[in-house]
Protein chains: 2
Amino acid sequence: MPADPDPSLRLLWRHVTPAPDGVPARRGPKQKLTVDEVVDAAIEIADREGLAAVSMRSLAKQLGLGAMSVYTYVPSRNDLIVLMVDQALGRTELPPLPDELAARLELIARTQYADVRAHPWLLEVAGVRPWLGPHSADRYEWQLSAVEGVGLDDIEMDQTVSLLVGFATSIARAEHQVRLAERESGTSELEWWEANSETLGELMAHRDYPIAGRVGSAAGEAYQAASDPARELEYGLARIIDGVLAHLGRR
Amino acid sequence: MPADPDPSLRLLWRHVTPAPDGVPARRGPKQKLTVDEVVDAAIEIADREGLAAVSMRSLAKQLGLGAMSVYTYVPSRNDLIVLMVDQALGRTELPPLPDELAARLELIARTQYADVRAHPWLLEVAGVRPWLGPHSADRYEWQLSAVEGVGLDDIEMDQTVSLLVGFATSIARAEHQVRLAERESGTSELEWWEANSETLGELMAHRDYPIAGRVGSAAGEAYQAASDPARELEYGLARIIDGVLAHLGRR
DNA sequence: ATTTATTCCATACGGCGTACGAAGAAGTTA
DNA sequence: TAACTTCTTCGTACGCCGTATGGAATAAAT
């Protein structure tokens with residue numbers, strides 16, 4: 001006998017299941033809001049101030065509810081986050097797939113990158129079950145369809161999609177870490193460097209970093225910053241696509 | 001006039017700087033412990049129970065101190081985490097570099113993967129400044145030396161290292177997410193699937209997922225789990241290395 | 001009209017990081 | 001030696017957090 005199913009699953013798929021039974025006819029007072037409105041409000045806060053700012057109390061205030069009333073819409077904060085993820089993914093329409101395989105691979109990565117940049121708090125989600133909501137499922141189907149029929153076996157299709165998505169996410173994450181640190185500390189990256197580069201140089205002078213020193217300053221000059229995510233995306237994507245195409249060509 | 005330098009910087013490099021001035025001769029009572037002992041204890045907790053379990057109170061208890069006494073060693077929890085990162089990275093000796101370029105690229109990724117698996121809480125670190133401690137600097141120098149003199153320009157060297165490290169990290173992260181969810185929810189991945197696969201199947205039946213359905217079950221059979229990080233690492237790494245070599249061959 | 005299920009919410013509990021200030025220890029100075 | 005200064009240790013407290021509990025109001029079912 002399996003344990004009870006996760007309650008958030010039915011909540012996730014609430015829009016695709018028809019009415020659960022003939023007439024629901026709930027008893028008590030009508031709810032003031034819908035689950036969608038609650039989740040949208042949470043997404044709005046997270047977009048603006050990060051996932052940490054989505055507390056049950058702040059969300060309740062935004063909705064004009066008492067703190068505990070949120071729990072009549074959503075069983076817990078973790079479940080709320082699961083709903084936020086799927087709802088946020090549902091906001092972007094999946095673009096049509098181009099004819100060229102390379103362009104399709106690129107599109108998988110760029111779509112992921114764009115979505116994660118639109119909702120950077122997606123990168124802060126941790127400790128919840130892998131998202132298996134309708135919009136994530138739609139997206140996975142779309143991603144797989146981009147590599148269907150090109151000569152990859154089923155496992156390789158999954159791995160290729162993972163590779164592209166994982167890479168795009170890791171670029172966005174590096175970028176996000178900087179913003180997060182800026183928000184937490186209250187000082188911008190530039191201010192931090194101005195305040196600390198002298199000290200850092202003095203400390204590092206006790207050791208020898210010939211290559212890192214040369215590469216670091218070349219990168220600093222080229223980027224006018226410590227890193228340039230956009231260029232890293234271009235470079236890595238080009239290498240990965242080449243690698244996948246070479247793999248197929250070898251068949 | 002730049003702002004004051006970050007105090008955690010001097011703490012990070014405390015072992016490579018010589019004595020700050022002739023004789024330190026601090027006044028008050030001697031400290032019972034050293035910063036290294038404090039950071040080691042924090043790493044021990046994090047290795048065992050995750051970064052969230054490293055609270056100032058739990059750490060103090062482990063050290064036999066009052067909660068606030070920890071602040072005489074370390075200015076804040078965030079600074080502690082910065083020290084933990086660099087100290088943990090210093091635990092692994094950087095292996096010698098092989099002769100073959102492909103093997104060197106592989107080693108960069110595998111070393112990163114192994115370290116992050118040894119200290120999974122590294123993946124939970126967020127909102128702190130990019131680590132610029134002595135051990136991270138050593139590692140960056142080592143990584144760059146693996147791609148030095150192979151025909152990449154300085155920027156590409158940095159990007160190649162980023163690509164490999166980012167990819168290895170993203171694999172480890174996918175793996176860690178599962179463990180984290182297991183710890184948070186108290187149910188294993190297998191239990192969750194047994195409890196929910198039926199419900200999930202019923203919900204997904206309302207939509208059509210032809211490719212995802214086929215690929216998902218193929219992957220499930222091959223992996224005996226929802227995913228297989230080890231194989232994803234092999235696959236992705238092979239593609240990336242091919243891509244980088246092709247890039248060089250084109251010169 | 002009564003019962004029952006449901007919403008909304010006030011209160012409270014045990015956690016968190018850390019600001020503040022008191023007590024005592026170990027150097028420096030008179 | 002005595003007074004002063006600086007530093008460590010730590011108890012207390014503040015304002016956050018997620019959420020358990022239970023009471024009042026509401027609407028459907030009986």
# chains A, B, ... in the order shown; residues from 1 in each chain; ligands from 1

$ residues_around --residues "DT8 (chain D)" --least-positions-apart "2" --cutoff "7 Å" --atoms "only C-alpha atoms (C1' of nucleotides)" --output "mmCIF file with N, CA and C atoms, in the first residue's frame"
data_model
loop_
_atom_site.group_PDB
_atom_site.id
_atom_site.type_symbol
_atom_site.label_atom_id
_atom_site.label_comp_id
_atom_site.auth_asym_id
_atom_site.auth_seq_id
_atom_site.Cartn_x
_atom_site.Cartn_y
_atom_site.Cartn_z
ATOM 1 N N GLY B 28 43.176 41.365 26.116
ATOM 2 C CA GLY B 28 42.227 40.606 26.954
ATOM 3 C C GLY B 28 42.603 39.157 27.149
ATOM 4 N N PRO B 29 41.664 38.349 27.585
ATOM 5 C CA PRO B 29 41.874 36.917 27.779
ATOM 6 C C PRO B 29 42.237 36.245 26.474
ATOM 7 N N GLN B 31 41.999 33.610 23.505
ATOM 8 C CA GLN B 31 40.858 32.890 22.936
ATOM 9 C C GLN B 31 41.045 31.402 23.147
#

$ interface_residues --of "chain B" --to "chain D" --cutoff "9 Å" --atoms "only C-alpha atoms (C1' of nucleotides)" --output "ChimeraX atom specification"
/B:26-31,65-69,72

$ write_last_selection --atoms "C-alpha atoms" --output "compact mmCIF listing (two decimals), in the first residue's frame"
# COMPACT_ATOMS: atom_id res chain seq x y z
CA ARG B 26 46.62 41.28 22.31
CA ARG B 27 45.26 42.40 25.60
CA GLY B 28 42.23 40.61 26.95
CA PRO B 29 41.87 36.92 27.78
CA LYS B 30 43.34 34.40 25.35
CA GLN B 31 40.86 32.89 22.94
CA LEU B 65 30.86 28.18 23.56
CA GLY B 66 28.02 30.56 24.16
CA ALA B 67 26.19 31.57 21.02
CA MET B 68 27.54 35.10 20.88
CA SER B 69 31.14 34.07 21.48
CA THR B 72 34.71 37.00 18.40

$ closest_atom_pairs --of "chain C" --to "chain B" --cutoff "9 Å" --atoms "only C-alpha atoms (C1' of nucleotides)" --output "tab-separated table"
residue	atom	partner	partner_atom	distance
C:DC16	C1'	B:Ser55	CA	7.7
C:DG17	C1'	B:Arg77	CA	7.8
C:DT18	C1'	B:Ser76	CA	8.3
C:DA25	C1'	B:Pro29	CA	5.0
C:DA26	C1'	B:Gly28	CA	4.8
C:DG27	C1'	B:Arg27	CA	4.6
C:DT28	C1'	B:Arg27	CA	8.6

$ select_by_dssp --residues "region 111-230 of chain B" --states "helix (DSSP H, G or I)" --output "VMD selection string"
chain B and resid 111 to 118 120 to 124 134 to 146 154 to 185 189 to 204 210 to 223 229 to 230

$ write_last_selection --atoms "C-alpha atoms" --output "PDB file, in the first residue's frame"
ATOM      1  CA  THR B 111      37.959  17.433  -9.791  1.00  0.00           C
ATOM      2  CA  GLN B 112      35.202  19.984  -9.471  1.00  0.00           C
ATOM      3  CA  TYR B 113      32.561  17.268  -9.447  1.00  0.00           C
ATOM      4  CA  ALA B 114      34.377  15.285  -6.759  1.00  0.00           C
ATOM      5  CA  ASP B 115      34.879  18.288  -4.504  1.00  0.00           C
ATOM      6  CA  VAL B 116      31.307  19.414  -4.739  1.00  0.00           C
ATOM      7  CA  ARG B 117      30.145  15.898  -3.964  1.00  0.00           C
ATOM      8  CA  ALA B 118      32.454  15.751  -0.978  1.00  0.00           C
ATOM      9  CA  PRO B 120      27.466  19.280  -1.176  1.00  0.00           C
ATOM     10  CA  TRP B 121      26.690  22.359   0.888  1.00  0.00           C
ATOM     11  CA  LEU B 122      28.979  24.277  -1.482  1.00  0.00           C
ATOM     12  CA  LEU B 123      25.962  24.177  -3.779  1.00  0.00           C
ATOM     13  CA  GLU B 124      23.828  25.868  -1.159  1.00  0.00           C
ATOM     14  CA  PRO B 134      43.958  31.632  -1.208  1.00  0.00           C
ATOM     15  CA  HIS B 135      42.692  28.143  -1.963  1.00  0.00           C
ATOM     16  CA  SER B 136      40.245  29.316  -4.619  1.00  0.00           C
ATOM     17  CA  ALA B 137      43.005  31.371  -6.145  1.00  0.00           C
ATOM     18  CA  ASP B 138      45.325  28.347  -6.165  1.00  0.00           C
ATOM     19  CA  ARG B 139      42.641  26.335  -7.817  1.00  0.00           C
ATOM     20  CA  TYR B 140      41.939  28.916 -10.486  1.00  0.00           C
ATOM     21  CA  GLU B 141      45.638  29.083 -11.274  1.00  0.00           C
ATOM     22  CA  TRP B 142      45.726  25.293 -11.520  1.00  0.00           C
ATOM     23  CA  GLN B 143      42.686  25.213 -13.809  1.00  0.00           C
ATOM     24  CA  LEU B 144      44.141  27.849 -16.080  1.00  0.00           C
ATOM     25  CA  SER B 145      47.489  26.070 -16.222  1.00  0.00           C
ATOM     26  CA  ALA B 146      45.612  23.063 -17.621  1.00  0.00           C
ATOM     27  CA  ASP B 154      43.328  34.522 -22.482  1.00  0.00           C
ATOM     28  CA  ILE B 155      39.602  35.125 -22.624  1.00  0.00           C
ATOM     29  CA  GLU B 156      38.933  31.693 -24.086  1.00  0.00           C
ATOM     30  CA  MET B 157      41.031  30.081 -21.380  1.00  0.00           C
ATOM     31  CA  ASP B 158      38.813  31.645 -18.751  1.00  0.00           C
ATOM     32  CA  GLN B 159      35.662  30.718 -20.625  1.00  0.00           C
ATOM     33  CA  THR B 160      36.768  27.130 -21.143  1.00  0.00           C
ATOM     34  CA  VAL B 161      37.461  26.672 -17.460  1.00  0.00           C
ATOM     35  CA  SER B 162      34.102  28.254 -16.629  1.00  0.00           C
ATOM     36  CA  LEU B 163      32.355  25.962 -19.041  1.00  0.00           C
ATOM     37  CA  LEU B 164      33.843  22.802 -17.572  1.00  0.00           C
ATOM     38  CA  VAL B 165      33.412  23.862 -13.973  1.00  0.00           C
ATOM     39  CA  GLY B 166      29.892  25.130 -14.543  1.00  0.00           C
ATOM     40  CA  PHE B 167      28.861  21.952 -16.264  1.00  0.00           C
ATOM     41  CA  ALA B 168      30.287  19.650 -13.580  1.00  0.00           C
ATOM     42  CA  THR B 169      28.614  21.762 -10.938  1.00  0.00           C
ATOM     43  CA  SER B 170      25.263  21.626 -12.666  1.00  0.00           C
ATOM     44  CA  ILE B 171      25.354  17.833 -12.707  1.00  0.00           C
ATOM     45  CA  ALA B 172      26.239  17.701  -9.044  1.00  0.00           C
ATOM     46  CA  ARG B 173      23.474  20.171  -8.320  1.00  0.00           C
ATOM     47  CA  ALA B 174      20.788  18.103 -10.012  1.00  0.00           C
ATOM     48  CA  GLU B 175      21.911  15.197  -7.888  1.00  0.00           C
ATOM     49  CA  HIS B 176      21.937  17.287  -4.747  1.00  0.00           C
ATOM     50  CA  GLN B 177      18.445  18.643  -5.319  1.00  0.00           C
ATOM     51  CA  VAL B 178      17.106  15.131  -5.004  1.00  0.00           C
ATOM     52  CA  ARG B 179      18.949  14.508  -1.735  1.00  0.00           C
ATOM     53  CA  LEU B 180      17.829  17.861  -0.389  1.00  0.00           C
ATOM     54  CA  ALA B 181      14.202  17.175  -1.182  1.00  0.00           C
ATOM     55  CA  GLU B 182      14.529  13.801   0.469  1.00  0.00           C
ATOM     56  CA  ARG B 183      15.918  15.380   3.596  1.00  0.00           C
ATOM     57  CA  GLU B 184      13.325  18.152   3.699  1.00  0.00           C
ATOM     58  CA  SER B 185      10.344  15.944   3.076  1.00  0.00           C
ATOM     59  CA  GLU B 189      12.794   9.436  -4.120  1.00  0.00           C
ATOM     60  CA  LEU B 190      11.578   5.873  -4.538  1.00  0.00           C
ATOM     61  CA  GLU B 191       8.880   6.235  -1.885  1.00  0.00           C
ATOM     62  CA  TRP B 192       7.712   9.433  -3.504  1.00  0.00           C
ATOM     63  CA  TRP B 193       7.386   7.747  -6.879  1.00  0.00           C
ATOM     64  CA  GLU B 194       5.553   4.783  -5.435  1.00  0.00           C
ATOM     65  CA  ALA B 195       3.140   7.087  -3.670  1.00  0.00           C
ATOM     66  CA  ASN B 196       2.601   9.434  -6.595  1.00  0.00           C
ATOM     67  CA  SER B 197       3.185   7.709  -9.910  1.00  0.00           C
ATOM     68  CA  GLU B 198      -0.403   6.569 -10.121  1.00  0.00           C
ATOM     69  CA  THR B 199      -1.826  10.013  -9.424  1.00  0.00           C
ATOM     70  CA  LEU B 200       0.682  11.596 -11.763  1.00  0.00           C
ATOM     71  CA  GLY B 201      -0.166   9.191 -14.550  1.00  0.00           C
ATOM     72  CA  GLU B 202      -3.836   9.925 -14.133  1.00  0.00           C
ATOM     73  CA  LEU B 203      -3.241  13.674 -14.236  1.00  0.00           C
ATOM     74  CA  MET B 204      -0.931  13.541 -17.234  1.00  0.00           C
ATOM     75  CA  PRO B 210       4.284  11.308 -26.755  1.00  0.00           C
ATOM     76  CA  ILE B 211       8.026  11.906 -26.724  1.00  0.00           C
ATOM     77  CA  ALA B 212       8.391  12.636 -23.027  1.00  0.00           C
ATOM     78  CA  GLY B 213       6.452   9.502 -22.240  1.00  0.00           C
ATOM     79  CA  ARG B 214       8.678   7.345 -24.408  1.00  0.00           C
ATOM     80  CA  VAL B 215      11.942   8.956 -23.334  1.00  0.00           C
ATOM     81  CA  GLY B 216      10.951   9.086 -19.704  1.00  0.00           C
ATOM     82  CA  SER B 217      10.270   5.392 -19.498  1.00  0.00           C
ATOM     83  CA  ALA B 218      13.394   4.519 -21.478  1.00  0.00           C
ATOM     84  CA  ALA B 219      15.450   6.610 -19.075  1.00  0.00           C
ATOM     85  CA  GLY B 220      13.653   5.152 -16.092  1.00  0.00           C
ATOM     86  CA  GLU B 221      14.444   1.619 -17.188  1.00  0.00           C
ATOM     87  CA  ALA B 222      18.045   2.358 -18.037  1.00  0.00           C
ATOM     88  CA  TYR B 223      18.743   4.313 -14.863  1.00  0.00           C
ATOM     89  CA  PRO B 229      24.124  11.891 -12.911  1.00  0.00           C
ATOM     90  CA  ALA B 230      27.195   9.764 -13.527  1.00  0.00           C
TER      91      ALA B 230
END

$ residues_around --residues "region 36-52 of chain B" --least-positions-apart "6" --cutoff "9 Å" --atoms "only C-alpha atoms (C1' of nucleotides)" --output "list in words"
Ser58, Leu59, Ala60, Gln62, Leu63, Val70, Tyr73, Val74, Leu80, Ile81, Leu83, Met84, Val85, Gln87, Ala88, Ala118, His119, Pro120, Trp121, Leu122, Glu124, Val125 and Leu180 of chain B

$ write_last_selection --atoms "C-alpha atoms" --output "mmCIF file, in the first residue's frame"
data_model
loop_
_atom_site.group_PDB
_atom_site.id
_atom_site.type_symbol
_atom_site.label_atom_id
_atom_site.label_comp_id
_atom_site.auth_asym_id
_atom_site.auth_seq_id
_atom_site.Cartn_x
_atom_site.Cartn_y
_atom_site.Cartn_z
ATOM 1 C CA SER B 58 24.428 24.993 16.807
ATOM 2 C CA LEU B 59 28.012 25.826 15.953
ATOM 3 C CA ALA B 60 28.570 27.395 19.363
ATOM 4 C CA GLN B 62 29.446 22.055 19.050
ATOM 5 C CA LEU B 63 32.396 24.189 20.140
ATOM 6 C CA VAL B 70 31.399 32.804 17.943
ATOM 7 C CA TYR B 73 36.155 34.640 15.807
ATOM 8 C CA VAL B 74 34.083 35.539 12.788
ATOM 9 C CA LEU B 80 31.912 32.267 8.207
ATOM 10 C CA ILE B 81 30.545 30.712 5.045
ATOM 11 C CA LEU B 83 35.828 30.986 5.158
ATOM 12 C CA MET B 84 34.218 27.551 5.020
ATOM 13 C CA VAL B 85 34.281 27.564 1.229
ATOM 14 C CA GLN B 87 38.921 26.018 3.776
ATOM 15 C CA ALA B 88 36.952 23.146 2.230
ATOM 16 C CA ALA B 118 32.454 15.751 -0.978
ATOM 17 C CA HIS B 119 30.941 19.012 0.320
ATOM 18 C CA PRO B 120 27.466 19.280 -1.176
ATOM 19 C CA TRP B 121 26.690 22.359 0.888
ATOM 20 C CA LEU B 122 28.979 24.277 -1.482
ATOM 21 C CA GLU B 124 23.828 25.868 -1.159
ATOM 22 C CA VAL B 125 26.147 28.822 -0.763
ATOM 23 C CA LEU B 180 17.829 17.861 -0.389
#

$ closest_residue --among "A:Arg251, A:Lys32, A:Lys61, A:Arg231" --to "chain B" --atoms "only C-alpha atoms"
A:Arg231

$ atom_distance --atom1 "CA of Val128 (chain B)" --atom2 "CA of Val82 (chain B)"
7.1 Å

$ atom_distance --atom1 "CA of Leu237 (chain A)" --atom2 "CA of Ala109 (chain A)"
7.8 Å

$ closest_residue --among "B:Asp86, B:Glu100, B:Glu93, B:Glu148" --to "chain A" --atoms "only C-alpha atoms"
B:Glu148
